>>> print(open('protein-v1.txt').read())   # compact mmCIF, C-alpha atoms and all ligand atoms
# COMPACT_ATOMS: atom_id res chain seq x y z
CA MET A 14 144.71 82.70 87.09
CA VAL A 15 142.17 85.31 86.11
CA SER A 16 138.64 84.22 85.40
CA ASP A 17 135.99 86.12 83.53
CA GLY A 18 133.62 87.73 86.06
CA ARG A 19 130.69 87.30 83.63
CA SER A 20 130.72 83.53 83.67
CA SER A 21 130.38 83.42 87.41
CA SER A 22 127.93 86.20 88.12
CA GLY A 23 125.05 83.73 88.07
CA ASN A 24 122.48 86.19 89.34
CA ASP A 25 120.00 88.57 87.86
CA LYS A 26 119.17 90.57 90.96
CA GLY A 27 121.08 93.45 89.46
CA SER A 28 122.31 94.86 92.73
CA LEU A 29 125.42 95.32 94.71
CA ALA A 30 123.76 93.44 97.55
CA ALA A 31 123.42 90.42 95.29
CA ILE A 32 127.13 90.55 94.54
CA SER A 33 127.86 90.79 98.21
CA GLU A 34 125.69 87.78 98.99
CA LEU A 35 127.61 85.76 96.46
CA PHE A 36 130.84 86.83 98.05
CA ASP A 37 129.57 85.75 101.41
CA GLU A 38 128.50 82.37 100.13
CA ALA A 39 131.42 81.56 97.94
CA ALA A 40 134.47 83.50 98.84
CA ARG A 41 134.71 83.88 102.58
CA PRO A 42 136.84 81.33 104.36
CA ARG A 43 134.84 79.75 107.17
CA GLY A 44 136.48 78.88 110.43
CA ARG A 45 139.95 77.46 110.54
CA ASN A 46 139.57 75.02 107.65
CA ARG A 47 140.08 77.10 104.59
CA GLY A 48 139.07 75.10 101.52
CA LEU A 49 140.40 75.73 98.05
CA ILE A 50 138.79 78.60 96.22
CA SER A 51 136.18 77.44 93.73
CA SER A 52 136.30 78.72 90.15
CA SER A 53 133.12 80.76 90.72
CA ALA A 54 134.69 82.39 93.76
CA ILE A 55 137.75 83.28 91.73
CA GLY A 56 135.53 85.16 89.28
CA LEU A 57 133.99 87.10 92.15
CA ALA A 58 137.34 87.78 93.73
CA ASN A 59 138.53 89.19 90.42
CA ARG A 60 135.52 91.48 90.32
CA GLY A 61 136.52 92.66 93.77
CA ARG A 62 140.08 93.31 92.57
CA VAL A 63 138.89 95.41 89.67
CA LEU A 64 136.48 97.37 91.85
CA GLN A 65 139.23 97.97 94.37
CA VAL A 66 141.46 99.41 91.65
CA LEU A 67 138.63 101.76 90.71
CA PHE A 68 138.21 102.74 94.36
CA ASP A 69 141.94 103.45 94.54
CA LEU A 70 142.35 105.28 91.24
CA GLY A 71 139.02 106.97 90.58
CA PRO A 72 137.38 106.98 87.13
CA THR A 73 139.63 104.83 84.95
CA SER A 74 139.48 103.56 81.38
CA ARG A 75 139.29 99.84 80.63
CA ALA A 76 142.80 99.97 79.17
CA GLU A 77 144.18 101.53 82.36
CA LEU A 78 142.30 99.03 84.52
CA ALA A 79 143.75 96.19 82.46
CA ARG A 80 147.23 97.61 82.92
CA HIS A 81 146.82 97.97 86.69
CA VAL A 82 145.34 94.52 87.19
CA GLY A 83 147.81 92.91 84.77
CA VAL A 84 145.35 91.31 82.35
CA ASN A 85 144.23 92.01 78.80
CA ARG A 86 141.45 94.37 77.88
CA ALA A 87 139.04 91.61 76.86
CA THR A 88 139.25 90.11 80.33
CA ILE A 89 138.55 93.50 81.90
CA THR A 90 135.56 94.00 79.62
CA GLY A 91 134.29 90.57 80.65
CA ILE A 92 134.38 91.67 84.27
CA ILE A 93 133.18 95.24 83.82
CA GLN A 94 130.25 94.72 81.46
CA PRO A 95 128.04 92.72 83.86
CA LEU A 96 128.64 95.40 86.50
CA ILE A 97 127.51 98.06 84.02
CA ASP A 98 124.49 95.92 83.13
CA GLU A 99 123.67 95.62 86.83
CA GLY A 100 123.81 99.38 87.25
CA LEU A 101 126.76 99.37 89.65
CA LEU A 102 129.18 101.02 87.20
CA VAL A 103 128.72 103.46 84.34
CA ASP A 104 130.76 104.70 81.41
CA GLY A 105 131.75 108.31 81.94
CA ASP A 106 132.31 111.04 79.35
CA PRO A 107 135.16 110.23 76.96
CA LEU A 108 138.60 111.39 78.04
CA PRO A 109 140.48 113.57 75.53
CA SER A 110 142.46 111.23 73.29
CA LYS A 111 146.20 111.21 73.74
CA GLU A 112 148.56 112.49 71.06
CA GLY A 113 148.57 110.21 68.07
CA GLY A 114 144.80 110.05 67.97
CA GLY A 115 142.82 106.89 68.45
CA LYS A 116 139.40 106.42 69.93
CA PRO A 117 138.90 108.53 73.07
CA ALA A 118 138.77 106.28 76.16
CA LYS A 119 135.69 106.33 78.36
CA PRO A 120 136.45 106.09 82.07
CA VAL A 121 134.45 103.60 84.10
CA TRP A 122 133.16 104.73 87.49
CA PHE A 123 130.59 103.92 90.14
CA ALA A 124 127.03 104.76 89.13
CA LYS A 125 125.19 107.62 90.76
CA ASP A 126 121.90 105.74 90.62
CA ALA A 127 123.03 102.52 92.28
CA ALA A 128 121.63 101.94 95.76
CA PRO A 129 123.05 104.57 98.15
CA ILE A 130 124.87 104.09 101.43
CA CYS A 131 123.71 105.83 104.59
CA ALA A 132 126.55 107.74 106.27
CA VAL A 133 126.56 108.94 109.87
CA LEU A 134 128.93 111.36 111.53
CA LEU A 135 128.66 110.97 115.28
CA MET A 136 130.51 113.58 117.28
CA HIS A 137 130.38 114.35 121.00
CA ASP A 138 127.69 117.00 120.58
CA SER A 139 125.81 116.12 117.40
CA VAL A 140 124.81 113.53 114.87
CA GLN A 141 124.75 114.13 111.13
CA CYS A 142 123.33 111.69 108.56
CA CYS A 143 123.09 111.61 104.79
CA LEU A 144 122.89 109.31 101.81
CA VAL A 145 126.03 108.89 99.73
CA SER A 146 125.71 107.63 96.18
CA LEU A 147 128.50 105.43 94.87
CA ASN A 148 129.82 108.38 92.87
CA GLY A 149 130.11 110.45 96.05
CA THR A 150 127.03 112.63 95.74
CA ILE A 151 125.63 113.56 99.16
CA THR A 152 121.85 113.92 99.60
CA ALA A 153 119.12 113.63 102.26
CA GLU A 154 121.15 115.39 104.93
CA ALA A 155 119.79 115.55 108.46
CA ARG A 156 121.48 116.80 111.59
CA ALA A 157 120.66 117.14 115.26
CA ASP A 158 122.55 118.50 118.24
CA PHE A 159 122.48 116.50 121.44
CA PRO A 160 120.73 118.32 124.29
CA PRO A 161 123.59 119.74 126.39
CA ASP A 162 121.90 118.67 129.64
CA ALA A 163 121.12 115.08 128.59
CA GLY A 164 121.63 112.89 131.63
CA ASP A 165 120.76 109.59 130.03
CA VAL A 166 122.25 107.80 127.02
CA ASP A 167 118.70 106.98 125.87
CA VAL A 168 118.21 110.65 125.01
CA LEU A 169 121.27 110.53 122.74
CA LYS A 170 120.14 107.21 121.25
CA ARG A 171 116.71 108.60 120.41
CA THR A 172 118.34 111.58 118.72
CA ILE A 173 120.64 109.31 116.69
CA PHE A 174 117.83 106.95 115.63
CA ALA A 175 115.41 109.76 114.72
CA THR A 176 118.02 111.53 112.59
CA LEU A 177 118.93 108.27 110.83
CA SER A 178 115.27 107.42 110.22
CA GLU A 179 114.71 110.83 108.66
CA THR A 180 117.59 110.26 106.21
CA LEU A 181 116.66 106.64 105.45
CA SER A 182 113.07 107.64 104.68
CA LEU A 183 114.39 109.79 101.82
CA ALA A 184 116.28 106.95 100.11
CA HIS A 185 114.99 106.29 96.58
CA ARG A 186 115.97 102.64 96.96
CA PRO A 187 116.99 100.48 99.92
CA PRO A 188 120.44 101.58 101.13
CA LEU A 189 123.28 99.07 101.06
CA GLY A 190 124.25 99.71 104.64
CA ILE A 191 125.13 102.25 107.30
CA GLY A 192 128.64 103.60 107.75
CA VAL A 193 129.49 105.54 110.90
CA ALA A 194 132.38 107.89 111.51
CA GLY A 195 132.58 108.31 115.26
CA GLY A 196 134.51 110.71 117.44
CA GLY A 197 136.21 109.27 120.49
CA MET A 198 137.68 105.84 120.95
CA ILE A 199 136.12 103.18 118.71
CA ASP A 200 136.53 99.41 118.87
CA THR A 201 136.32 98.62 115.16
CA ASP A 202 136.27 94.85 115.74
CA LYS A 203 133.18 94.99 117.96
CA GLY A 204 131.56 98.06 116.39
CA THR A 205 131.31 99.72 119.79
CA ILE A 206 132.17 103.12 121.18
CA VAL A 207 134.79 102.60 123.87
CA ALA A 208 134.82 106.14 125.20
CA VAL A 209 134.21 109.72 124.13
CA ASN A 210 136.04 112.16 126.37
CA LEU A 211 133.57 114.96 125.72
CA ALA A 212 130.45 112.71 125.86
CA PRO A 213 130.92 110.16 128.66
CA LEU A 214 127.31 108.92 128.24
CA LEU A 215 128.30 107.24 124.97
CA ALA A 216 130.99 105.07 126.58
CA GLY A 217 130.42 101.38 125.89
CA PHE A 218 127.51 102.00 123.50
CA PRO A 219 127.31 99.03 121.07
CA LEU A 220 126.31 101.34 118.23
CA GLY A 221 126.99 98.93 115.34
CA ALA A 222 124.84 96.15 116.78
CA GLU A 223 122.03 98.54 117.73
CA LEU A 224 121.88 100.10 114.28
CA THR A 225 121.89 96.70 112.55
CA ARG A 226 119.11 95.45 114.84
CA ARG A 227 117.01 98.54 114.43
CA PHE A 228 117.40 99.19 110.71
CA GLY A 229 118.30 95.70 109.41
CA LEU A 230 121.31 96.99 107.48
CA THR A 231 125.00 96.10 107.44
CA THR A 232 126.75 98.60 109.70
CA ARG A 233 130.39 99.59 109.86
CA ILE A 234 131.79 101.98 112.40
CA ASP A 235 135.22 103.51 112.52
CA HIS A 236 137.15 106.35 114.11
CA HIS A 237 136.28 109.73 112.59
CA PRO A 238 139.79 110.53 111.26
CA ARG A 239 139.99 107.09 109.62
CA ALA A 240 136.70 107.83 107.84
CA LEU A 241 138.23 111.11 106.64
CA LEU A 242 141.13 109.15 105.28
CA VAL A 243 138.87 106.67 103.46
CA GLY A 244 136.92 109.61 101.98
CA ASP A 245 140.17 111.20 100.83
CA ARG A 246 141.28 107.98 99.28
CA TRP A 247 138.03 107.21 97.47
CA PHE A 248 137.03 110.68 96.32
CA GLY A 249 139.69 113.12 97.34
CA ILE A 250 143.21 114.22 97.59
CA GLY A 251 144.58 110.87 98.79
CA ARG A 252 143.52 109.03 95.64
CA GLY A 253 146.28 106.89 94.21
CA LYS A 254 148.70 107.52 97.10
CA ARG A 255 150.61 104.63 98.66
CA ASN A 256 151.33 106.52 101.87
CA PHE A 257 149.59 109.45 103.47
CA ALA A 258 148.24 110.70 106.77
CA VAL A 259 145.19 112.66 107.80
CA ILE A 260 145.12 115.07 110.73
CA TYR A 261 141.89 116.51 112.08
CA THR A 262 141.86 119.49 114.44
CA GLY A 263 139.04 121.33 116.12
CA GLU A 264 137.66 120.76 119.63
CA VAL A 265 139.70 117.55 119.56
CA LEU A 266 142.64 116.28 117.55
CA GLY A 267 142.91 112.95 115.77
CA GLY A 268 144.67 111.31 112.90
CA ALA A 269 144.79 108.31 110.62
CA LEU A 270 147.46 106.62 108.58
CA PHE A 271 147.52 105.00 105.17
CA LEU A 272 150.72 102.96 104.97
CA ASP A 273 152.04 100.96 102.03
CA GLY A 274 148.63 100.97 100.40
CA HIS A 275 146.54 100.10 103.46
CA LEU A 276 144.56 101.87 106.13
CA TYR A 277 146.28 101.28 109.44
CA ARG A 278 143.89 100.52 112.30
CA GLY A 279 145.99 98.80 114.92
CA ARG A 280 144.58 96.17 117.25
CA ALA A 281 140.80 96.65 117.73
CA GLY A 282 141.12 100.04 116.06
CA ALA A 283 143.42 101.48 118.72
CA GLY A 284 145.88 102.99 116.24
CA GLY A 285 145.93 106.63 115.30
CA GLU A 286 145.16 108.18 118.70
CA LEU A 287 147.56 110.92 117.74
CA GLY A 288 145.83 113.58 119.83
CA HIS A 289 146.94 111.72 122.94
CA THR A 290 150.55 111.23 122.04
CA PHE A 291 152.72 113.22 124.42
CA VAL A 292 154.42 116.42 123.37
CA GLN A 293 155.07 118.00 126.80
CA VAL A 294 156.18 116.03 129.82
CA ASP A 295 154.01 117.22 132.74
CA GLY A 296 152.19 119.58 130.39
CA MET A 297 148.58 120.68 130.62
CA THR A 298 145.90 118.23 131.70
CA CYS A 299 144.03 116.68 128.78
CA TYR A 300 140.37 115.58 128.56
CA CYS A 301 141.73 112.03 128.69
CA GLY A 302 143.06 112.67 132.20
CA ARG A 303 146.76 112.53 131.25
CA ARG A 304 149.09 115.44 130.86
CA GLY A 305 150.91 116.95 127.94
CA CYS A 306 148.95 115.36 125.08
CA TRP A 307 149.32 116.96 121.64
CA GLU A 308 145.58 117.73 121.86
CA THR A 309 146.23 120.12 124.77
CA ILE A 310 148.24 122.54 122.59
CA ALA A 311 146.82 122.19 119.09
CA THR A 312 143.05 122.47 119.47
CA LEU A 313 140.51 125.28 119.76
CA GLY A 314 140.55 125.20 123.57
CA TRP A 315 144.24 126.17 123.60
CA LEU A 316 143.76 128.75 120.85
CA ARG A 317 140.90 130.44 122.72
CA ARG A 318 142.74 130.55 126.03
CA GLU A 319 145.79 132.07 124.38
CA ALA A 320 143.64 134.54 122.41
CA GLN A 321 142.16 135.62 125.74
CA LYS A 322 145.63 136.16 127.20
CA GLN A 323 146.55 138.25 124.15
CA GLY A 324 143.39 140.31 124.58
CA LEU A 325 142.24 139.52 121.03
CA ALA A 326 138.68 140.37 120.03
CA SER A 327 136.09 137.55 120.31
CA ALA A 328 138.69 135.34 121.98
CA ASP A 329 136.04 132.89 123.21
CA LYS A 330 134.95 132.22 119.60
CA MET A 331 138.44 132.23 118.13
CA ASP A 332 139.14 129.77 115.37
CA SER A 333 141.66 129.58 112.55
CA GLN A 334 139.51 131.58 110.14
CA ARG A 335 139.02 134.46 112.61
CA LEU A 336 142.68 134.40 113.59
CA VAL A 337 143.85 134.73 109.99
CA ALA A 338 141.36 137.57 109.44
CA LEU A 339 142.92 139.42 112.41
CA VAL A 340 146.41 138.80 111.04
CA GLU A 341 145.34 140.19 107.68
CA ASN A 342 144.00 143.28 109.46
CA GLY A 343 147.48 143.90 110.83
CA SER A 344 147.15 142.55 114.39
CA ALA A 345 150.67 141.79 115.63
CA GLY A 346 149.27 139.79 118.57
CA ALA A 347 147.26 137.62 116.21
CA ALA A 348 150.29 137.07 113.98
CA GLU A 349 152.35 135.94 116.96
CA LEU A 350 149.57 133.61 118.13
CA LEU A 351 149.11 132.18 114.64
CA ASP A 352 152.78 131.32 114.48
CA ARG A 353 152.71 129.58 117.87
CA TYR A 354 149.52 127.70 116.97
CA ALA A 355 151.05 126.60 113.66
CA ARG A 356 154.14 125.40 115.52
CA ASN A 357 152.02 123.44 118.01
CA VAL A 358 150.17 121.71 115.17
CA ALA A 359 153.51 121.10 113.43
CA VAL A 360 155.10 119.45 116.49
CA GLY A 361 152.79 116.44 116.34
CA ILE A 362 153.05 116.20 112.57
CA ALA A 363 156.84 116.22 112.85
CA ASN A 364 156.69 113.36 115.38
CA LEU A 365 154.40 111.43 113.05
CA GLN A 366 156.68 112.09 110.08
CA GLN A 367 159.70 110.91 112.04
CA THR A 368 157.88 107.73 113.11
CA MET A 369 156.07 106.62 109.97
CA ALA A 370 157.19 108.98 107.16
CA PRO A 371 153.82 109.42 105.44
CA ASN A 372 155.33 112.49 103.68
CA PHE A 373 151.91 113.56 102.41
CA ILE A 374 149.63 114.96 105.09
CA VAL A 375 146.04 116.10 104.61
CA LEU A 376 144.74 118.56 107.20
CA HIS A 377 141.03 118.56 107.99
CA GLY A 378 138.81 120.47 110.37
CA ASP A 379 139.34 123.90 111.86
CA VAL A 380 142.81 124.59 110.44
CA VAL A 381 141.35 124.45 106.93
CA GLY A 382 139.56 127.72 107.76
CA GLY A 383 143.02 129.31 108.13
CA GLY A 384 143.68 128.84 104.41
CA SER A 385 147.09 129.18 102.82
CA CYS A 386 148.31 131.60 105.50
CA LEU A 387 148.05 128.93 108.22
CA LEU A 388 149.00 126.05 105.93
CA ASP A 389 152.23 127.81 104.94
CA ALA A 390 153.09 128.47 108.58
CA ILE A 391 152.45 124.85 109.62
CA THR A 392 154.44 123.55 106.64
CA ARG A 393 157.38 125.83 107.44
CA HIS A 394 157.48 124.61 111.05
CA VAL A 395 157.20 120.94 110.05
CA ARG A 396 160.13 121.36 107.65
CA ASP A 397 162.15 123.09 110.39
CA LEU A 398 161.40 120.33 112.88
CA VAL A 399 162.12 117.34 110.64
CA PRO A 400 165.72 116.81 109.51
CA TRP A 401 166.06 117.00 105.75
CA ARG A 402 166.92 113.81 103.92
CA PRO A 403 167.15 112.99 100.22
CA GLY A 404 163.75 112.06 98.80
CA GLY A 405 162.11 113.09 102.04
CA ASP A 406 160.01 115.96 100.76
CA ILE A 407 157.03 116.60 103.00
CA GLU A 408 153.85 117.98 101.52
CA LEU A 409 150.96 119.31 103.56
CA VAL A 410 147.60 120.03 101.91
CA MET A 411 144.22 121.22 103.08
CA GLY A 412 141.31 118.80 103.13
CA ASP A 413 137.84 119.99 104.02
CA LEU A 414 136.32 122.05 106.76
CA GLU A 415 132.83 120.62 106.55
CA ASP A 416 133.48 116.92 107.10
CA ARG A 417 132.22 115.90 103.65
CA ALA A 418 135.22 113.55 103.41
CA ALA A 419 134.16 111.90 106.69
CA LEU A 420 130.64 111.22 105.40
CA ARG A 421 131.94 109.84 102.10
CA GLY A 422 134.53 107.83 103.99
CA ALA A 423 131.88 106.36 106.29
CA ALA A 424 130.08 105.19 103.14
CA GLY A 425 133.38 103.82 101.84
CA LEU A 426 133.66 101.65 104.95
CA VAL A 427 130.41 99.91 104.00
CA LEU A 428 131.36 99.52 100.36
CA SER A 429 134.66 97.94 101.32
CA GLU A 430 132.85 95.53 103.63
CA LEU A 431 130.26 94.53 101.01
CA LEU A 432 132.76 94.07 98.21
CA HIS A 433 135.55 92.72 100.37
CA PHE A 434 137.98 95.44 99.46
CA THR A 435 140.99 95.77 101.58
CA LEU A 436 141.07 99.31 102.85
ZN ZN N 1 145.00 113.15 126.12
>>> encode(input="protein-v1.txt", output="structure tokens")
Amino acid sequence: MVSDGRSSSGNDKGSLAAISELFDEAARPRGRNRGLISSSAIGLANRGRVLQVLFDLGPTSRAELARHVGVNRATITGIIQPLIDEGLLVDGDPLPSKEGGGKPAKPVWFAKDAAPICAVLLMHDSVQCCLVSLNGTITAEARADFPPDAGDVDVLKRTIFATLSETLSLAHRPPLGIGVAGGGMIDTDKGTIVAVNLAPLLAGFPLGAELTRRFGLTTRIDHHPRALLVGDRWFGIGRGKRNFAVIYTGEVLGGALFLDGHLYRGRAGAGGELGHTFVQVDGMTCYCGRRGCWETIATLGWLRREAQKQGLASADKMDSQRLVALVENGSAGAAELLDRYARNVAVGIANLQQTMAPNFIVLHGDVVGGGSCLLDAITRHVRDLVPWRPGGDIELVMGDLEDRAALRGAAGLVLSELLHFTL
């Protein structure tokens, strides 16, 4: 049964927070005894369904929404209009009409001026904060590096809180919550940092609880590559996909999986530690203390050591962008190193493809700087390493170098929590 969202909105607060409160009151099962869903809760749940389709598909006309949700257009209008009146959604510019004429359809999308979400990117050496509007616009950016000689977690905490305060002070209206993309091992159930190999001081830090206590806002924290994936799904190249994977490379290597229409987290967020899957028995020692992890052969540390061995210029600052520039200048040593680096990145992707078959893989981080030259090399190696099968085409694409997807994805974590989307 589909109920009209309008009849059950019952509030005039005009905010996403108000919708969320209603969800909390009416729709969440409490404890073990799940009661039947009341008719008002059904209306709210249907709103959530429609918003989730928008999140999945991007700007979409009412007719398309109706088709995806399996209801008629009048029902969709009944659900959408109150959300437009509340300022959560807006009508976009008309889409060109299809052949055969007819009125051009206006896509519905999240409003730029709705309350923003504060996004945090917490890496081992820095914290970056910004506001993300519901249409993906990033503003009020602030960033701070952690002091390299910090001997106390309180120093890092002060840096995190000060950077967040700076961003929050620039919000034109109270933010809906704080979403954190964190490097290292994250317990998504508890909202805590389990461990960060490159920043041991952060181990055990209950970041989610501390941020909620300090700023009084809903906080969601997830593993950095999973935030990238959510950003890709909401605003980027993963939109509308049923299956895809994200791989991040740089100082560290991580990944995330979107399988059969859902973000895969594993128990307590332990899934997706791809950087520490083994690719070399008794290989090099990893930051995690084990040997032969994928991270030991497909990150900047490996690239710089090998560049040194090759005698390449600026080996200690080598990255994918510099390497490709050397290749384009005719350096045979750089070309050989690029091919080995591409193969090392491809090895882990091939293992992932063989295990889960995401078939569509978005690369983020340093490798993006290598452009099509590096992408083509990685793709060629992946295709060589994975046996061909009918319908098994593998596509690799570049995401972003600057972690914009991670910030947007961190905001997406909060939105999904408030509106009870299933990511
Ligand atoms: Zn490892």
>>> residues_near_ligand(input="protein-v1.txt", ligand="ligand ZN 1 (chain N)", cutoff="8 Å", atoms="only C-alpha atoms and all ligand atoms", output="ChimeraX atom specification")
/A:288-291,298-309
>>> closest_atom_pairs(input="protein-v1.txt", of="stretch 122-156 of chain A", to="stretch 204-223 of chain A", cutoff="9 Å", atoms="all atoms listed in the file", output="tab-separated table")
residue	atom	partner	partner_atom	distance
A:Met136	CA	A:Ala212	CA	8.6
A:His137	CA	A:Ala212	CA	5.1
A:Asp138	CA	A:Ala212	CA	7.3
>>> residues_around(input="protein-v1.txt", residues="stretch 172-177 of chain A", least_positions_apart="6", cutoff="10 Å", atoms="only C-alpha atoms", output="PDB file with C-alpha atoms, in the frame of the given file")
ATOM      1  CA  CYS A 131     123.710 105.830 104.590  1.00  0.00           C
ATOM      2  CA  ALA A 132     126.550 107.740 106.270  1.00  0.00           C
ATOM      3  CA  VAL A 133     126.560 108.940 109.870  1.00  0.00           C
ATOM      4  CA  LEU A 134     128.930 111.360 111.530  1.00  0.00           C
ATOM      5  CA  LEU A 135     128.660 110.970 115.280  1.00  0.00           C
ATOM      6  CA  SER A 139     125.810 116.120 117.400  1.00  0.00           C
ATOM      7  CA  VAL A 140     124.810 113.530 114.870  1.00  0.00           C
ATOM      8  CA  GLN A 141     124.750 114.130 111.130  1.00  0.00           C
ATOM      9  CA  CYS A 142     123.330 111.690 108.560  1.00  0.00           C
ATOM     10  CA  CYS A 143     123.090 111.610 104.790  1.00  0.00           C
ATOM     11  CA  LEU A 144     122.890 109.310 101.810  1.00  0.00           C
ATOM     12  CA  GLU A 154     121.150 115.390 104.930  1.00  0.00           C
ATOM     13  CA  ALA A 155     119.790 115.550 108.460  1.00  0.00           C
ATOM     14  CA  ARG A 156     121.480 116.800 111.590  1.00  0.00           C
ATOM     15  CA  ALA A 157     120.660 117.140 115.260  1.00  0.00           C
ATOM     16  CA  ASP A 158     122.550 118.500 118.240  1.00  0.00           C
ATOM     17  CA  PHE A 159     122.480 116.500 121.440  1.00  0.00           C
ATOM     18  CA  PRO A 160     120.730 118.320 124.290  1.00  0.00           C
ATOM     19  CA  VAL A 166     122.250 107.800 127.020  1.00  0.00           C
ATOM     20  CA  ILE A 191     125.130 102.250 107.300  1.00  0.00           C
ATOM     21  CA  LEU A 220     126.310 101.340 118.230  1.00  0.00           C
ATOM     22  CA  GLU A 223     122.030  98.540 117.730  1.00  0.00           C
ATOM     23  CA  LEU A 224     121.880 100.100 114.280  1.00  0.00           C
ATOM     24  CA  ARG A 227     117.010  98.540 114.430  1.00  0.00           C
ATOM     25  CA  PHE A 228     117.400  99.190 110.710  1.00  0.00           C
TER      26      PHE A 228
END
>>> residues_around(input="protein-v1.txt", residues="A:Ala338", least_positions_apart="5", cutoff="12 Å", atoms="all atoms listed in the file", output="list in words")
Leu325, Ala326, Met331, Asp332, Ser333, Gly343, Ser344, Ala345, Ala347, Ala348, Leu351, Gly382, Gly383, Gly384, Cys386 and Leu387 of chain A
>>> residues_around(input="protein-v1.txt", residues="A:Arg356", least_positions_apart="5", cutoff="9 Å", atoms="only C-alpha atoms", output="list in words")
Ala311, Leu351, Ala390, Ile391, Arg393, His394 and Val395 of chain A
>>> write_last_selection(input="protein-v1.txt", atoms="C-alpha atoms", output="PDB file, in the coordinates of the input")
ATOM      1  CA  ALA A 311     146.820 122.190 119.090  1.00  0.00           C
ATOM      2  CA  LEU A 351     149.110 132.180 114.640  1.00  0.00           C
ATOM      3  CA  ALA A 390     153.090 128.470 108.580  1.00  0.00           C
ATOM      4  CA  ILE A 391     152.450 124.850 109.620  1.00  0.00           C
ATOM      5  CA  ARG A 393     157.380 125.830 107.440  1.00  0.00           C
ATOM      6  CA  HIS A 394     157.480 124.610 111.050  1.00  0.00           C
ATOM      7  CA  VAL A 395     157.200 120.940 110.050  1.00  0.00           C
TER       8      VAL A 395
END
>>> atom_distance(input="protein-v1.txt", atom1="atom CA of A:Asp104", atom2="atom CA of A:Val121")
4.7 Å
>>> closest_residue(input="protein-v1.txt", among="A:Gly263, A:Gly244, A:Gly314, A:Gly149", to="A:Gly196", atoms="only C-alpha atoms")
A:Gly263
>>> closest_residue(input="protein-v1.txt", among="A:Lys254, A:Arg318, A:His236, A:Lys116", to="A:Gly285", atoms="all atoms listed in the file")
A:His236
>>> atom_distance(input="protein-v1.txt", atom1="atom CA of A:Gly268", atom2="atom CA of A:Gly378")
11.2 Å
>>> residues_near_point(input="protein-v1.txt", point="(154.7, 108.6, 105.2)", cutoff="8 Å", atoms="only C-alpha atoms", output="count of residues only")
10
>>> residues_near_point(input="protein-v1.txt", point="(120.4, 104.4, 94.7)", cutoff="8 Å", atoms="only C-alpha atoms", output="list in words")
Lys125, Asp126, Ala127, Ala128, Pro129, Ser146, Ala184, His185, Arg186, Pro187 and Pro188 of chain A
>>> closest_residue(input="protein-v1.txt", among="A:Val82, A:Val399, A:Val380, A:Leu70", to="A:Val360", atoms="all atoms listed in the file")
A:Val399
>>> closest_residue(input="protein-v1.txt", among="A:Leu313, A:Leu101, A:Ile199, A:Leu49", to="A:Ala281", atoms="only C-alpha atoms")
A:Ile199
